[in-house]
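Q: A single structure is presented below for examination.
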Amino acid sequence: MANKRSLKKNINLICADLFAECIAISLYENASDKNEGNIEALLYTILKMQSDFICRVSHPEPGMEQKKYYQDLIDKFKIQVGEIVDQINNIHC
């Protein structure tokens with residue numbers, strides 16, 4: 001497991017990339033009102049996810065093994081990132 005600082009840094013970098021991709025789509029695509037609403041909701045979801053996972057890194061669950069907790073956290077983060085990437089691809093196409 002990486003230390004908390006690098007884990008937080010990676011979470012921030014991935015969320016920043018996802019956010020930038022959504023902004024780029026909203027600026028360069030001929031987005032309809034429906035897509036604008038979807039993009040705004042997606043941006044909010046990215047910010048909420050970032051905040052949630054940063055807080056979870058800082059405050060691990062008591063009584064759970066540290067290595068198991070952080071591995072579970074990373075796995076859940078990867079799943080959510082995959083879902084957001086799928087949503088971005090659906091808006092983009």
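How things are named: the first chain in the structure tokens is A, the next is B, and so on; residues count from 1 in each chain; ligands count from 1 in the order shown.
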Env of Lys8 (chain A): 9 Å cut, atoms = only C-alpha atoms, seq-sep filter 3 positions within chain, self excluded. Answer as a VMD selection string.
A: chain A and resid 3 to 5 11 to 13 53 to 54 57 to 58
Q: When you draw a straight line from CA of Thr45 (chain A) to CA of Ala20 (chain A), how long is it in Å?
A: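 So the answer is 13.4 Å.
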Q: Here is a test: counting only C-alpha atoms, which residue of A:Ile79, A:Cys55, A:Met49, A:Ile88 is nearest to Ile23 (chain A)?
A: A:Ile88
Q: Please run DSSP on the backbone and report, as a ChimeraX atom specification, all residues within region 1-92 of chain A that come out as helix (DSSP H, G or I).
A: /A:4-28,33-58,66-92
Q: Compare A:Phe77, A:Asn89, A:Cys22, A:Lys68 by their minimum atom-to-atom distance to Glu36 (chain A), counting only C-alpha atoms, and give me the closest one.
A: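 For Glu36 (chain A), the nearest of the given residues is A:Cys22.
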Q: From the options A:Gln87, A:Ser26, A:Glu21, A:Ala16, which residue's atoms come nearest to Glu40 (chain A), counting only C-alpha atoms?
A: A:Ser26
Q: Can you tell me, as a ChimeraX atom specification, what residues are no more than 12 Å from Tyr44 (chain A) when counting only C-alpha atoms, ignoring any on the same chain fewer than 6 positions away?
A: /A:15,18-19,22-23,37-38,50-51,84
Q: What separation in Å, quoted to one decimal, exists between CA of Asp86 (chain A) and CA of His59 (chain A)?
A: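 One can read the CA of Asp86 (chain A) to CA of His59 (chain A) distance as 29.1 Å.
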Q: Can you pull out the residues contacting Tyr70 (chain A)? Cut-off 9 Å, using only C-alpha atoms, and skip same-chain residues under 3 positions away; I want them as number ranges by chain.
A: A: 1, 57, 60, 65-67, 73-75
Q: Dump N, CA and C atoms for the selected residues as a short mmCIF file (atom, residue, chain, number, x, y, z; two decimals), in the first residue's frame?
A:
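Contents of result32.cif, as written:
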data_model
loop_
_atom_site.label_atom_id
_atom_site.label_comp_id
_atom_site.auth_asym_id
_atom_site.auth_seq_id
_atom_site.Cartn_x
_atom_site.Cartn_y
_atom_site.Cartn_z
N MET A 1 0.83 -1.18 0.00
CA MET A 1 0.00 0.00 0.00
C MET A 1 0.88 1.25 0.00
N VAL A 57 -9.78 8.35 3.13
CA VAL A 57 -8.36 8.07 3.30
C VAL A 57 -7.89 8.62 4.65
N PRO A 60 -9.81 6.24 8.46
CA PRO A 60 -10.14 4.83 8.22
C PRO A 60 -11.12 4.31 9.26
N GLU A 65 -8.74 -4.06 9.50
CA GLU A 65 -7.32 -4.14 9.20
C GLU A 65 -6.95 -3.05 8.17
N GLN A 66 -5.85 -2.34 8.44
CA GLN A 66 -5.46 -1.20 7.60
C GLN A 66 -5.26 -1.60 6.15
N LYS A 67 -4.52 -2.66 5.90
CA LYS A 67 -4.23 -3.08 4.53
C LYS A 67 -5.51 -3.45 3.80
N LEU A 73 -10.82 0.36 -0.37
CA LEU A 73 -11.02 1.75 -0.78
C LEU A 73 -10.55 1.96 -2.21
N ILE A 74 -9.39 1.43 -2.55
CA ILE A 74 -8.85 1.57 -3.90
C ILE A 74 -9.74 0.86 -4.91
N ASP A 75 -10.21 -0.34 -4.56
CA ASP A 75 -11.08 -1.09 -5.47
C ASP A 75 -12.39 -0.34 -5.73
#
Q: Could you please determine the separation between CA of Asn90 (chain A) and CA of Asp17 (chain A) in Å, to one decimal place?
A: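 Between CA of Asn90 (chain A) and CA of Asp17 (chain A) the gap is 17.1 Å.
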